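Trainee: Here you go, this is protein00.cif (mmCIF, C-alpha atoms).
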```
data_my_file
#
loop_
_atom_site.label_atom_id
_atom_site.label_comp_id
_atom_site.auth_asym_id
_atom_site.auth_seq_id
_atom_site.Cartn_x
_atom_site.Cartn_y
_atom_site.Cartn_z
CA MET A 13 22.75 50.68 54.40
CA ALA A 14 22.79 47.00 53.59
CA GLY A 15 21.25 46.39 50.22
CA PHE A 16 18.49 43.91 49.58
CA SER A 17 19.27 40.27 48.91
CA ASP A 18 17.42 37.17 47.87
CA LEU A 19 19.26 34.14 49.13
CA ASN A 20 17.32 31.46 47.32
CA ILE A 21 17.13 31.36 43.55
CA PRO A 22 17.02 27.69 42.56
CA GLN A 23 19.65 26.83 40.04
CA GLY A 24 17.95 25.68 36.87
CA PRO A 25 19.38 24.01 33.77
CA ASP A 26 18.35 26.77 31.40
CA LYS A 27 20.92 29.56 31.25
CA LYS A 28 18.56 31.93 29.52
CA SER A 29 15.86 31.62 32.15
CA MET A 30 18.46 32.14 34.89
CA GLN A 31 19.57 35.29 33.12
CA GLY A 32 15.93 36.43 33.01
CA LEU A 33 15.63 35.84 36.75
CA LEU A 34 18.76 37.86 37.42
CA GLU A 35 17.58 40.72 35.29
CA THR A 36 14.24 40.87 37.07
CA ALA A 37 15.94 40.67 40.46
CA ALA A 38 18.26 43.53 39.50
CA HIS A 39 15.33 45.59 38.23
CA LEU A 40 13.51 45.06 41.53
CA GLY A 41 16.51 46.37 43.44
CA TYR A 42 18.21 43.26 44.81
CA SER A 43 21.96 43.85 45.20
CA ALA A 44 22.80 40.20 45.74
CA VAL A 45 21.22 36.83 45.00
CA ALA A 46 22.32 33.31 45.81
CA LEU A 47 21.97 30.48 43.30
CA ASN A 48 20.72 27.51 45.23
CA HIS A 49 21.76 23.96 44.47
CA VAL A 50 19.62 21.52 46.44
CA ILE A 51 20.70 18.04 47.44
CA ASP A 52 18.09 15.68 48.84
CA PHE A 53 19.61 12.63 50.44
CA LYS A 54 16.37 10.69 50.26
CA GLU A 55 17.04 10.18 46.58
CA LYS A 56 19.70 7.80 45.43
CA LYS A 57 23.26 8.52 46.40
CA GLN A 58 24.01 12.15 45.77
CA GLU A 59 27.40 13.68 45.36
CA ILE A 60 28.36 17.19 46.16
CA ILE A 61 29.68 18.73 43.02
CA LYS A 62 31.63 21.93 42.72
CA PRO A 63 29.54 25.06 42.59
CA VAL A 64 29.01 26.71 39.22
CA SER A 65 31.00 29.81 38.65
CA PRO A 66 28.63 32.77 38.22
CA SER A 67 31.10 34.63 36.04
CA GLU A 68 31.17 31.72 33.61
CA LEU A 69 27.43 31.23 33.62
CA PHE A 70 26.55 34.90 33.22
CA PRO A 71 28.97 36.82 31.05
CA SER A 72 27.21 40.11 31.74
CA LEU A 73 25.51 40.81 35.04
CA PRO A 74 22.71 43.38 35.08
CA VAL A 75 23.03 46.62 37.03
CA VAL A 76 20.92 46.94 40.17
CA GLN A 77 18.06 49.45 40.00
CA GLY A 78 18.88 52.55 41.99
CA THR A 79 22.64 51.92 42.14
CA SER A 80 25.49 51.80 39.69
CA LYS A 81 26.77 48.40 40.77
CA ARG A 82 26.16 45.09 39.11
CA ILE A 83 24.17 42.44 40.90
CA LYS A 84 26.26 40.10 42.99
CA VAL A 85 25.71 36.38 42.46
CA LEU A 86 26.63 33.94 45.22
CA THR A 87 26.51 30.16 45.29
CA ARG A 88 24.54 28.25 47.87
CA LEU A 89 24.17 24.61 48.76
CA THR A 90 21.08 23.28 50.52
CA LEU A 91 21.14 19.84 52.08
CA VAL A 92 17.79 18.24 52.81
CA ILE A 93 18.41 15.89 55.70
CA SER A 94 15.95 13.31 56.95
CA ASP A 95 18.35 10.99 58.75
CA PRO A 96 21.27 11.62 61.12
CA SER A 97 23.67 9.80 58.81
CA HIS A 98 23.19 12.56 56.24
CA CYS A 99 24.98 14.98 58.53
CA ASN A 100 28.25 13.14 58.13
CA LEU A 101 28.74 14.72 54.77
CA LEU A 102 28.73 18.14 56.40
CA ARG A 103 31.09 17.12 59.13
CA SER A 104 33.60 15.59 56.73
CA THR A 105 35.98 18.07 55.23
CA SER A 106 34.75 17.58 51.72
CA PRO A 107 36.65 20.08 49.58
CA ASN A 108 33.66 20.90 47.40
CA ILE A 109 31.51 22.04 50.30
CA ARG A 110 33.94 24.78 51.21
CA LEU A 111 33.62 26.30 47.76
CA TYR A 112 30.02 27.37 48.29
CA ASP A 113 29.37 30.86 49.65
CA ILE A 114 26.38 29.81 51.73
CA ILE A 115 25.47 26.44 53.22
CA ALA A 116 21.89 25.74 54.23
CA VAL A 117 20.31 22.71 55.77
CA PHE A 118 16.67 21.63 55.72
CA PRO A 119 16.00 19.37 58.70
CA LYS A 120 12.97 17.11 58.42
CA THR A 121 12.70 15.88 62.00
CA GLU A 122 12.88 17.46 65.45
CA LYS A 123 16.12 15.69 66.30
CA LEU A 124 17.76 16.91 63.11
CA PHE A 125 16.49 20.43 63.73
CA HIS A 126 18.16 20.30 67.12
CA ILE A 127 21.41 19.01 65.62
CA ALA A 128 21.34 21.65 62.88
CA CYS A 129 20.84 24.49 65.36
CA THR A 130 23.39 23.37 67.90
CA THR A 131 26.22 21.60 66.12
CA LEU A 132 26.17 21.73 62.34
CA ASP A 133 28.37 24.29 60.63
CA VAL A 134 25.78 25.98 58.45
CA ASP A 135 24.57 29.51 57.72
CA LEU A 136 20.87 28.92 57.19
CA VAL A 137 18.28 26.52 58.58
CA CYS A 138 15.28 26.19 56.27
CA ILE A 139 11.82 26.17 57.77
CA ASN A 140 9.19 24.07 56.06
CA VAL A 141 6.44 26.19 54.56
CA THR A 142 4.63 23.69 52.35
CA GLU A 143 3.25 21.32 54.95
CA LYS A 144 2.20 21.20 58.57
CA LEU A 145 5.24 21.16 60.82
CA PRO A 146 5.95 17.63 62.01
CA PHE A 147 7.36 19.02 65.25
CA TYR A 148 7.09 22.04 67.49
CA PHE A 149 9.95 24.48 67.88
CA ARG A 150 11.57 24.56 71.28
CA ARG A 151 13.36 27.51 72.77
CA PRO A 152 16.79 26.01 73.65
CA PRO A 153 17.97 24.98 70.16
CA VAL A 154 16.57 28.13 68.61
CA ASN A 155 18.44 30.32 71.09
CA VAL A 156 21.67 28.41 70.51
CA ALA A 157 21.26 28.91 66.77
CA ILE A 158 20.72 32.65 67.24
CA ASP A 159 23.86 32.88 69.37
CA ARG A 160 25.85 30.99 66.75
CA GLY A 161 24.76 33.44 64.07
CA ILE A 162 22.56 31.01 62.18
CA TYR A 163 19.51 32.35 60.37
CA PHE A 164 16.13 30.74 59.77
CA GLU A 165 14.83 30.90 56.23
CA LEU A 166 11.21 31.28 55.18
CA LEU A 167 10.16 31.01 51.56
CA TYR A 168 7.39 33.17 50.13
CA THR A 169 6.70 31.75 46.66
CA PRO A 170 4.57 28.81 47.84
CA ALA A 171 2.33 31.23 49.75
CA ILE A 172 1.75 33.27 46.63
CA LYS A 173 0.98 30.28 44.46
CA ASP A 174 -1.50 28.40 46.58
CA SER A 175 -3.95 29.17 49.36
CA THR A 176 -3.28 26.00 51.37
CA MET A 177 0.45 26.70 51.25
CA ARG A 178 -0.31 30.23 52.38
CA ARG A 179 -1.93 28.89 55.53
CA TYR A 180 0.95 26.53 56.26
CA THR A 181 3.49 29.27 55.67
CA ILE A 182 1.75 31.69 57.98
CA SER A 183 1.17 29.09 60.75
CA ASN A 184 4.70 27.76 60.63
CA ALA A 185 6.18 31.25 60.50
CA ILE A 186 4.13 32.52 63.40
CA SER A 187 4.98 29.51 65.54
CA LEU A 188 8.67 30.17 64.86
CA MET A 189 8.24 33.86 65.73
CA GLN A 190 6.77 32.99 69.07
CA ILE A 191 9.97 31.17 69.95
CA CYS A 192 12.63 33.32 68.33
CA LYS A 193 10.89 36.70 68.84
CA GLY A 194 11.49 37.74 65.26
CA LYS A 195 15.25 37.54 65.41
CA ASN A 196 17.51 35.96 62.82
CA ILE A 197 14.89 35.54 60.11
CA VAL A 198 15.60 35.63 56.41
CA VAL A 199 12.81 35.66 53.81
CA SER A 200 13.64 34.42 50.32
CA SER A 201 11.85 33.50 47.16
CA ALA A 202 12.85 30.11 45.72
CA ALA A 203 11.51 31.63 42.49
CA GLU A 204 11.87 29.50 39.39
CA ARG A 205 10.51 32.08 37.01
CA PRO A 206 10.87 35.88 36.96
CA LEU A 207 7.14 36.36 37.62
CA GLU A 208 7.46 34.58 40.93
CA LEU A 209 9.81 37.21 42.32
CA ARG A 210 8.61 40.15 44.38
CA GLY A 211 10.29 43.44 45.18
CA PRO A 212 12.02 43.92 48.53
CA TYR A 213 9.38 46.34 49.80
CA ASP A 214 6.68 43.76 49.05
CA VAL A 215 8.67 40.93 50.62
CA ALA A 216 9.04 43.03 53.76
CA ASN A 217 5.25 43.47 53.76
CA LEU A 218 4.89 39.70 53.51
CA GLY A 219 7.07 39.51 56.58
CA LEU A 220 4.37 41.44 58.44
CA LEU A 221 1.92 38.64 57.56
CA PHE A 222 4.39 36.15 58.97
CA GLY A 223 4.36 37.80 62.36
CA LEU A 224 7.41 40.06 62.06
CA SER A 225 7.42 43.68 63.11
CA GLU A 226 8.18 46.35 60.50
CA GLY A 227 11.82 46.65 61.47
CA GLU A 228 12.29 42.89 61.66
CA ALA A 229 10.60 42.41 58.30
CA LYS A 230 12.90 44.92 56.61
CA ALA A 231 15.91 43.29 58.24
CA ALA A 232 14.77 39.90 56.94
CA VAL A 233 15.41 41.13 53.40
CA SER A 234 18.47 43.21 54.00
CA THR A 235 20.72 43.22 57.04
CA ASN A 236 19.97 39.62 58.09
CA CYS A 237 20.81 38.37 54.59
CA ARG A 238 24.02 40.35 54.68
CA ALA A 239 24.89 38.83 58.05
CA ALA A 240 24.18 35.30 56.80
CA MET A 241 26.45 35.95 53.82
CA LEU A 242 29.20 37.15 56.15
CA HIS A 243 28.73 34.10 58.33
CA GLY A 244 29.33 32.04 55.20
CA GLU A 245 32.48 33.99 54.45
CA THR A 246 33.97 33.39 57.89
CA ARG A 247 33.22 29.71 57.51
CA LYS A 248 34.92 29.61 54.13
CA SER A 249 38.04 31.25 55.39
CA ALA A 250 38.53 29.00 58.40
CA CYS A 251 37.25 31.38 61.09
CA GLY A 252 38.31 34.51 59.26
CA ILE A 253 41.98 33.81 59.60
CA VAL A 254 42.89 32.48 56.23
CA TYR A 255 41.58 34.36 53.23
CA THR A 256 42.10 32.85 49.83
CA LEU A 257 40.88 36.02 48.14
CA LYS A 258 43.17 38.79 47.06
CA LYS A 259 42.22 41.12 49.89
CA PRO A 260 44.98 40.78 52.47
CA ARG A 261 44.33 44.09 54.18
CA LYS A 262 40.67 43.34 54.82
CA VAL A 263 41.50 40.19 56.81
CA GLU A 264 42.56 42.05 59.93
CA GLU A 265 39.53 44.29 59.85
CA GLU A 266 37.18 41.29 59.43
CA GLU A 267 38.77 39.39 62.28
CA THR A 268 38.32 41.93 64.98
CA LEU A 269 34.58 42.36 64.56
CA PRO A 270 32.10 39.66 65.52
CA ALA A 271 29.69 38.60 62.79
CA CYS A 272 26.65 40.51 64.06
CA LYS A 273 28.50 43.80 64.23
CA LYS A 274 29.91 43.31 60.77
CA ALA A 275 26.47 43.46 59.26
CA LYS A 276 25.96 46.97 60.67
CA THR A 277 29.37 48.36 59.90
CA GLN A 278 29.32 46.90 56.42
CA ALA A 279 26.67 49.57 55.68
CA VAL B 10 -7.02 70.43 56.65
CA PRO B 11 -9.38 67.45 56.58
CA ASP B 12 -10.23 65.18 59.46
CA ALA B 13 -7.50 62.85 60.66
CA ALA B 14 -9.88 59.97 60.12
CA LEU B 15 -10.10 60.77 56.42
CA ARG B 16 -6.37 60.73 55.80
CA CYS B 17 -5.36 58.60 52.87
CA ARG B 18 -2.35 56.74 51.69
CA TYR B 19 -1.21 56.61 48.09
CA VAL B 20 0.57 53.46 46.96
CA LEU B 21 2.69 53.72 43.84
CA CYS B 22 3.32 50.44 42.00
CA GLU B 23 4.77 49.19 38.79
CA VAL B 24 3.26 46.35 36.78
CA VAL B 25 5.95 43.84 35.81
CA SER B 26 5.19 41.26 33.16
CA GLU B 27 6.90 39.15 30.55
CA ASP B 28 4.39 39.70 27.79
CA PRO B 29 4.23 43.26 26.40
CA ARG B 30 0.55 42.73 25.61
CA CYS B 31 -0.12 42.85 29.35
CA ARG B 32 -0.03 46.64 28.98
CA GLN B 33 -3.44 46.46 27.36
CA CYS B 34 -4.86 45.29 30.66
CA ILE B 35 -3.50 48.24 32.58
CA GLU B 36 -6.74 50.11 33.07
CA ASP B 37 -8.78 51.17 36.12
CA ARG B 38 -11.27 48.39 36.20
CA ALA B 39 -8.86 45.53 35.56
CA VAL B 40 -6.30 46.74 38.08
CA GLY B 41 -8.92 47.61 40.69
CA LEU B 42 -10.50 44.17 40.36
CA ALA B 43 -7.16 42.36 40.57
CA VAL B 44 -6.18 44.25 43.71
CA ARG B 45 -9.57 43.77 45.37
CA ASP B 46 -9.49 40.09 44.52
CA ALA B 47 -6.05 39.71 46.11
CA ILE B 48 -7.21 41.52 49.27
CA GLY B 49 -10.24 39.23 49.47
CA ARG B 50 -8.13 36.11 49.05
CA VAL B 51 -5.61 37.07 51.69
CA HIS B 52 -7.62 39.05 54.24
CA GLY B 53 -11.11 37.72 53.62
CA ASP B 54 -14.32 39.67 53.78
CA PHE B 55 -13.12 41.83 56.67
CA GLY B 56 -10.05 43.01 54.81
CA LEU B 57 -11.94 43.63 51.61
CA ALA B 58 -14.58 45.63 53.45
CA CYS B 59 -12.00 47.78 55.28
CA CYS B 60 -9.92 48.49 52.20
CA SER B 61 -12.91 49.38 50.04
CA ILE B 62 -13.45 52.61 51.96
CA SER B 63 -12.06 55.27 49.68
CA PHE B 64 -10.25 52.72 47.56
CA THR B 65 -9.62 53.82 44.03
CA VAL B 66 -7.10 53.60 41.23
CA LYS B 67 -6.00 57.20 41.07
CA TYR B 68 -3.62 57.19 38.12
CA LEU B 69 -2.38 54.77 35.48
CA ASN B 70 0.23 54.87 32.80
CA ALA B 71 0.03 51.88 30.49
CA TYR B 72 3.30 52.74 28.71
CA THR B 73 5.44 52.67 31.85
CA GLY B 74 3.20 50.26 33.75
CA THR B 75 2.79 52.71 36.63
CA VAL B 76 -0.27 52.52 38.87
CA LEU B 77 -1.23 54.80 41.76
CA LEU B 78 -3.71 53.39 44.28
CA ARG B 79 -5.43 55.23 47.09
CA CYS B 80 -6.88 53.86 50.30
CA ARG B 81 -7.57 55.01 53.85
CA LYS B 82 -4.60 55.38 56.16
CA ASP B 83 -6.09 52.81 58.53
CA SER B 84 -6.18 50.10 55.94
CA TYR B 85 -3.06 50.69 53.87
CA ARG B 86 -1.26 47.85 55.62
CA LEU B 87 -4.00 45.44 54.58
CA LEU B 88 -3.69 46.72 51.03
CA CYS B 89 0.12 46.61 50.89
CA SER B 90 0.36 43.13 52.37
CA ALA B 91 -2.10 41.83 49.75
CA LEU B 92 -0.36 43.41 46.72
CA PRO B 93 2.28 40.65 46.37
CA PHE B 94 -0.57 38.21 45.79
CA VAL B 95 -1.70 39.81 42.53
CA ARG B 96 -0.67 37.35 39.83
CA GLN B 97 -2.48 38.42 36.72
CA LEU B 98 -4.46 41.19 35.07
CA GLU B 99 -7.61 40.43 33.17
CA SER B 100 -9.42 42.69 30.75
CA ARG B 101 -11.85 42.03 27.88
CA ASN B 102 -11.43 38.28 28.29
CA GLN B 103 -7.67 38.51 27.95
CA ARG B 104 -5.53 37.65 30.91
CA TYR B 105 -1.80 38.00 31.31
CA PRO B 106 0.38 36.89 34.20
CA CYS B 107 2.21 39.69 35.95
CA PHE B 108 2.98 41.07 39.39
CA LEU B 109 3.01 44.43 41.14
CA ASN B 110 6.19 45.97 42.45
CA THR B 111 5.49 48.52 45.19
CA LEU B 112 7.66 51.56 44.60
CA HIS B 113 6.52 54.08 47.19
CA VAL B 114 3.84 54.81 49.76
CA GLY B 115 3.04 58.47 50.41
CA GLY B 116 0.52 60.63 52.18
CA THR B 117 -0.23 62.81 49.18
CA ILE B 118 -0.27 62.49 45.44
CA ARG B 119 2.49 65.08 45.26
CA THR B 120 5.02 62.99 47.19
CA CYS B 121 4.31 60.00 44.97
CA GLN B 122 4.67 62.21 41.92
CA LYS B 123 8.05 63.49 43.06
CA PHE B 124 9.19 59.95 43.64
CA LEU B 125 7.89 58.82 40.26
CA ILE B 126 9.71 61.60 38.43
CA GLU B 127 12.97 60.63 40.12
CA TYR B 128 12.36 56.96 39.41
CA ASN B 129 11.62 57.59 35.77
CA ARG B 130 14.67 59.77 35.48
CA ARG B 131 16.80 56.91 36.84
CA GLN B 132 15.19 54.48 34.39
CA LEU B 133 15.92 56.87 31.54
CA LEU B 134 19.53 57.16 32.68
CA MET B 135 19.91 53.43 32.58
CA LEU B 136 18.26 53.36 29.18
CA LEU B 137 20.72 56.01 28.03
CA GLN B 138 23.59 53.72 28.89
CA SER B 139 22.20 50.99 26.72
CA CYS B 140 21.43 53.18 23.71
CA THR B 141 22.92 51.77 20.56
CA ASN B 142 22.84 54.76 18.27
CA GLU B 143 22.96 58.54 18.31
CA GLU B 144 19.30 58.97 17.39
CA GLU B 145 18.16 56.93 20.39
CA ARG B 146 20.58 58.81 22.59
CA ARG B 147 19.18 62.17 21.61
CA CYS B 148 15.59 61.05 22.22
CA VAL B 149 16.39 59.75 25.66
CA GLN B 150 18.40 62.84 26.57
CA LYS B 151 15.52 65.05 25.53
CA SER B 152 13.15 63.07 27.77
CA LEU B 153 15.58 63.34 30.64
CA LEU B 154 15.76 67.09 30.39
CA SER B 155 11.99 67.39 30.49
CA CYS B 156 11.66 65.50 33.77
CA SER B 157 10.58 68.04 36.33
CA LEU B 158 7.80 68.70 38.79
CA THR B 159 6.25 71.48 36.73
CA GLU B 160 4.77 68.82 34.46
CA GLU B 161 2.27 67.89 37.15
CA GLN B 162 -0.81 69.45 35.62
CA CYS B 163 -2.08 66.06 34.50
CA LEU B 164 -2.11 64.68 38.02
CA SER B 165 -3.28 67.57 40.18
CA GLY B 166 -6.98 67.34 39.92
CA ASN B 167 -9.17 65.96 42.63
CA GLU B 168 -6.90 66.84 45.49
CA ASP B 169 -9.69 68.41 47.56
CA ASP B 170 -10.38 65.30 49.54
CA ASP B 171 -6.72 64.66 50.16
CA ASP B 172 -4.71 65.89 53.03
CA ASP B 173 -1.42 67.54 53.32
CA GLY B 174 0.15 64.79 55.36
CA THR B 175 3.78 63.94 55.56
CA ASP B 176 5.53 61.07 53.87
CA THR B 177 5.25 57.68 55.49
CA ASP B 178 7.66 54.89 56.18
#
```
Before anything else, please render the file you have as structure tokens.
Mentor:
Amino acid sequence: MAGFSDLNIPQGPDKKSMQGLLETAAHLGYSAVALNHVIDFKEKKQEIIKPVSPSELFPSLPVVQGTSKRIKVLTRLTLVISDPSHCNLLRSTSPNIRLYDIIAVFPKTEKLFHIACTTLDVDLVCINVTEKLPFYFRRPPVNVAIDRGIYFELLYTPAIKDSTMRRYTISNAISLMQICKGKNIVVSSAAERPLELRGPYDVANLGLLFGLSEGEAKAAVSTNCRAAMLHGETRKSACGIVYTLKKPRKVEEEETLPACKKAKTQA
Amino acid sequence: VPDAALRCRYVLCEVVSEDPRCRQCIEDRAVGLAVRDAIGRVHGDFGLACCSISFTVKYLNAYTGTVLLRCRKDSYRLLCSALPFVRQLESRNQRYPCFLNTLHVGGTIRTCQKFLIEYNRRQLLMLLQSCTNEEERRCVQKSLLSCSLTEEQCLSGNEDDDDDGTDTD
């Protein structure tokens, strides 16, 4: 069975607090987390730096509750785009981008949402949960995104912190559900402190509030995350053909299965 | 076997906090109030009214931070979806930030007990691995060996109003 994952733990400057977050996540039963580095192009010229190396940052990773494995730490890059020119960075073959395990994009306008779903090479599309949606979702780009194996991310920490945010989160989530029918959803925390995290069972229950069914809600914390991670891996390795990791035998096995099936067989 | 309408659900949770003094707040009233408050905030008056039927804090263990809640089967979803919104416990004018981690939902106290014993055993095992001296090791090993279902006398008590239902999701 795919373990539980939290694909959004913002990368903070304090190593000790990051370690605390990892330990809480491991205690709650998350097998994998992704450290998120956010780049907002609205601010002055931003450069994409190389991702931090989790093994350097965390000399000892905690063991996941209920298993005997250590928690897996991935690197993720989120690009907040508010203008079509920002997409050029993604299209260019910047070497640093390829080093991240997961690439996410946060489109701020309807046009950019359309571009992100249909053409951009990303794994996750972030859905705004802290303010009223500036645009309505339409079926065509959402369906294209689902076919391409892209997942939509909903955050839950704002809803827990504030009642107005809760309303925006629930409205935005439900309006997405009506279009995508609960498919391809990932729920993550964006927790900056350990007390903002919630266990996977509880996050799945939050999914019910967001309009997901029980099965879809559980998938949003487990199998869908796994699939998004795999999508990132195929992107990294140039369509699953070239693997720079020392696992030559696995390459052939990975190639023959399409991304959605991989998530199930990876169990 | 009691009426189907009176079936209950038992929700087993763990209180997670950063401040060890939070344990002082782990008592019936404080926990019950925090949970009810969260239900009211998320589901409004309707939710609070539904969940109050047969709602009670059935068991607490301040040392391990374990809490067992009971509610009607019809409203357990309202309860469970509100639990993530508990952010602090308050007792005797002291409040400490924390959250609840849902461990298990069962139809009877017994199923939750069995789960808890297994869970505690796993925690002890992990503790064993991080023991730094022989004395600690022996204490933990002794606790491990005493983990069994026969120690349930403390919990079996008011089971008359509870059913014999099967485990849920």
Trainee: Please write as an mmCIF file with C-alpha atoms, keeping the file's coordinate frame the full residue list that the PyMOL selection byres ((chain B) within 12 of (chain A)) yields on this file.
Mentor:
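Here's the written file expr-v5.cif:
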```cif
data_model
loop_
_atom_site.group_PDB
_atom_site.id
_atom_site.type_symbol
_atom_site.label_atom_id
_atom_site.label_comp_id
_atom_site.auth_asym_id
_atom_site.auth_seq_id
_atom_site.Cartn_x
_atom_site.Cartn_y
_atom_site.Cartn_z
ATOM 1 C CA VAL B 20 0.570 53.460 46.960
ATOM 2 C CA LEU B 21 2.690 53.720 43.840
ATOM 3 C CA CYS B 22 3.320 50.440 42.000
ATOM 4 C CA GLU B 23 4.770 49.190 38.790
ATOM 5 C CA VAL B 24 3.260 46.350 36.780
ATOM 6 C CA VAL B 25 5.950 43.840 35.810
ATOM 7 C CA SER B 26 5.190 41.260 33.160
ATOM 8 C CA GLU B 27 6.900 39.150 30.550
ATOM 9 C CA ASP B 28 4.390 39.700 27.790
ATOM 10 C CA ALA B 47 -6.050 39.710 46.110
ATOM 11 C CA GLY B 49 -10.240 39.230 49.470
ATOM 12 C CA ARG B 50 -8.130 36.110 49.050
ATOM 13 C CA VAL B 51 -5.610 37.070 51.690
ATOM 14 C CA HIS B 52 -7.620 39.050 54.240
ATOM 15 C CA GLY B 53 -11.110 37.720 53.620
ATOM 16 C CA TYR B 85 -3.060 50.690 53.870
ATOM 17 C CA ARG B 86 -1.260 47.850 55.620
ATOM 18 C CA LEU B 87 -4.000 45.440 54.580
ATOM 19 C CA LEU B 88 -3.690 46.720 51.030
ATOM 20 C CA CYS B 89 0.120 46.610 50.890
ATOM 21 C CA SER B 90 0.360 43.130 52.370
ATOM 22 C CA ALA B 91 -2.100 41.830 49.750
ATOM 23 C CA LEU B 92 -0.360 43.410 46.720
ATOM 24 C CA PRO B 93 2.280 40.650 46.370
ATOM 25 C CA PHE B 94 -0.570 38.210 45.790
ATOM 26 C CA VAL B 95 -1.700 39.810 42.530
ATOM 27 C CA ARG B 96 -0.670 37.350 39.830
ATOM 28 C CA GLN B 97 -2.480 38.420 36.720
ATOM 29 C CA TYR B 105 -1.800 38.000 31.310
ATOM 30 C CA PRO B 106 0.380 36.890 34.200
ATOM 31 C CA CYS B 107 2.210 39.690 35.950
ATOM 32 C CA PHE B 108 2.980 41.070 39.390
ATOM 33 C CA LEU B 109 3.010 44.430 41.140
ATOM 34 C CA ASN B 110 6.190 45.970 42.450
ATOM 35 C CA THR B 111 5.490 48.520 45.190
ATOM 36 C CA LEU B 112 7.660 51.560 44.600
ATOM 37 C CA HIS B 113 6.520 54.080 47.190
ATOM 38 C CA VAL B 114 3.840 54.810 49.760
ATOM 39 C CA GLU B 127 12.970 60.630 40.120
ATOM 40 C CA TYR B 128 12.360 56.960 39.410
ATOM 41 C CA ASN B 129 11.620 57.590 35.770
ATOM 42 C CA ARG B 130 14.670 59.770 35.480
ATOM 43 C CA ARG B 131 16.800 56.910 36.840
ATOM 44 C CA GLN B 132 15.190 54.480 34.390
ATOM 45 C CA LEU B 133 15.920 56.870 31.540
ATOM 46 C CA LEU B 134 19.530 57.160 32.680
ATOM 47 C CA MET B 135 19.910 53.430 32.580
ATOM 48 C CA LEU B 136 18.260 53.360 29.180
ATOM 49 C CA GLN B 138 23.590 53.720 28.890
ATOM 50 C CA SER B 139 22.200 50.990 26.720
ATOM 51 C CA ASP B 178 7.660 54.890 56.180
#
```
Trainee: Using only C-alpha atoms, find the one residue out of B:Arg101, B:Arg18, B:Arg147, B:Arg81 that sits nearest to B:Ser63.
Mentor: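 Smallest distance to B:Ser63 is found for B:Arg81.
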Trainee: In Å, with one decimal, what is the gap from atom CA of A:Lys193 to atom CA of A:Ile162?
Mentor: 14.6 Å
Trainee: Pick the closest to A:Met241 from A:Pro63, A:Gly161, A:Pro25, A:Pro153: which is it, counting all atoms listed in the file?
Mentor: A:Gly161
Trainee: Rounded to one decimal, what separation in Å do you get between atom CA of A:Val141 and atom CA of A:Ile115?
Mentor: 19.1 Å
Trainee: Please compute the atom CA of A:Lys123-atom CA of A:Ala203 distance, one decimal, in Å.
Mentor: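 A separation of 29.0 Å between them.
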Trainee: Which of these residues is nearest to B:Thr65, using only C-alpha atoms: B:Tyr19, B:Cys31, B:Gln103, B:Asp83?
Mentor: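 Closest to B:Thr65 of all the choices is B:Tyr19.
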Trainee: Looking at A:His243, A:Lys84, A:Arg150, A:Arg110, which one is nearest to A:Val45, with distances taken over all atoms listed in the file?
Mentor: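 Of all the options, A:Lys84 lies closest to A:Val45.
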Trainee: Pick the closest to B:Cys60 from B:Thr73, B:Leu125, B:Cys34, B:Arg45: which is it, counting all atoms listed in the file?
Mentor: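 Selected residue with least distance to B:Cys60: B:Arg45.
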Trainee: Given the file above and the PyMOL selection byres ((chain A and resi 47) around 9), which residues are selected, and can you give them as a list in words?
Mentor: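 Going through the file, the PyMOL selection byres ((chain A and resi 47) around 9) ends up selecting Leu19, Asn20, Ile21, Pro22, Gln23, Gly24, Val45, Ala46, Asn48, His49, Val64, Pro66, Val85, Leu86, Thr87, Arg88 and Leu89 of chain A.
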Trainee: With distances taken over only C-alpha atoms, which residue among B:Ser100, B:Leu42, B:Cys121, B:Gly116 lies nearest B:Leu77?
Mentor: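 Once distances to B:Leu77 are computed over only C-alpha atoms, the minimum belongs to B:Cys121.
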Trainee: Will you model N, CA, C and O atoms for stretch 74-78 of chain A and pass it back as an mmCIF file, in the coordinates of the input?
Mentor:
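The result, written out as out19.cif:
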```cif
data_model
loop_
_atom_site.group_PDB
_atom_site.id
_atom_site.type_symbol
_atom_site.label_atom_id
_atom_site.label_comp_id
_atom_site.auth_asym_id
_atom_site.auth_seq_id
_atom_site.Cartn_x
_atom_site.Cartn_y
_atom_site.Cartn_z
ATOM 1 N N PRO A 74 23.456 42.111 35.175
ATOM 2 C CA PRO A 74 22.710 43.380 35.080
ATOM 3 C C PRO A 74 23.023 44.321 36.245
ATOM 4 O O PRO A 74 23.446 43.883 37.315
ATOM 5 N N VAL A 75 22.783 45.610 36.009
ATOM 6 C CA VAL A 75 23.030 46.620 37.030
ATOM 7 C C VAL A 75 21.794 46.719 37.927
ATOM 8 O O VAL A 75 20.662 46.654 37.452
ATOM 9 N N VAL A 76 22.024 46.888 39.223
ATOM 10 C CA VAL A 76 20.920 46.940 40.170
ATOM 11 C C VAL A 76 20.215 48.286 40.091
ATOM 12 O O VAL A 76 20.847 49.337 40.092
ATOM 13 N N GLN A 77 18.897 48.251 40.031
ATOM 14 C CA GLN A 77 18.060 49.450 40.000
ATOM 15 C C GLN A 77 18.380 50.372 41.171
ATOM 16 O O GLN A 77 18.435 49.943 42.313
ATOM 17 N N GLY A 78 18.645 51.616 40.897
ATOM 18 C CA GLY A 78 18.880 52.550 41.990
ATOM 19 C C GLY A 78 20.341 52.628 42.414
ATOM 20 O O GLY A 78 20.689 53.395 43.303
#
```
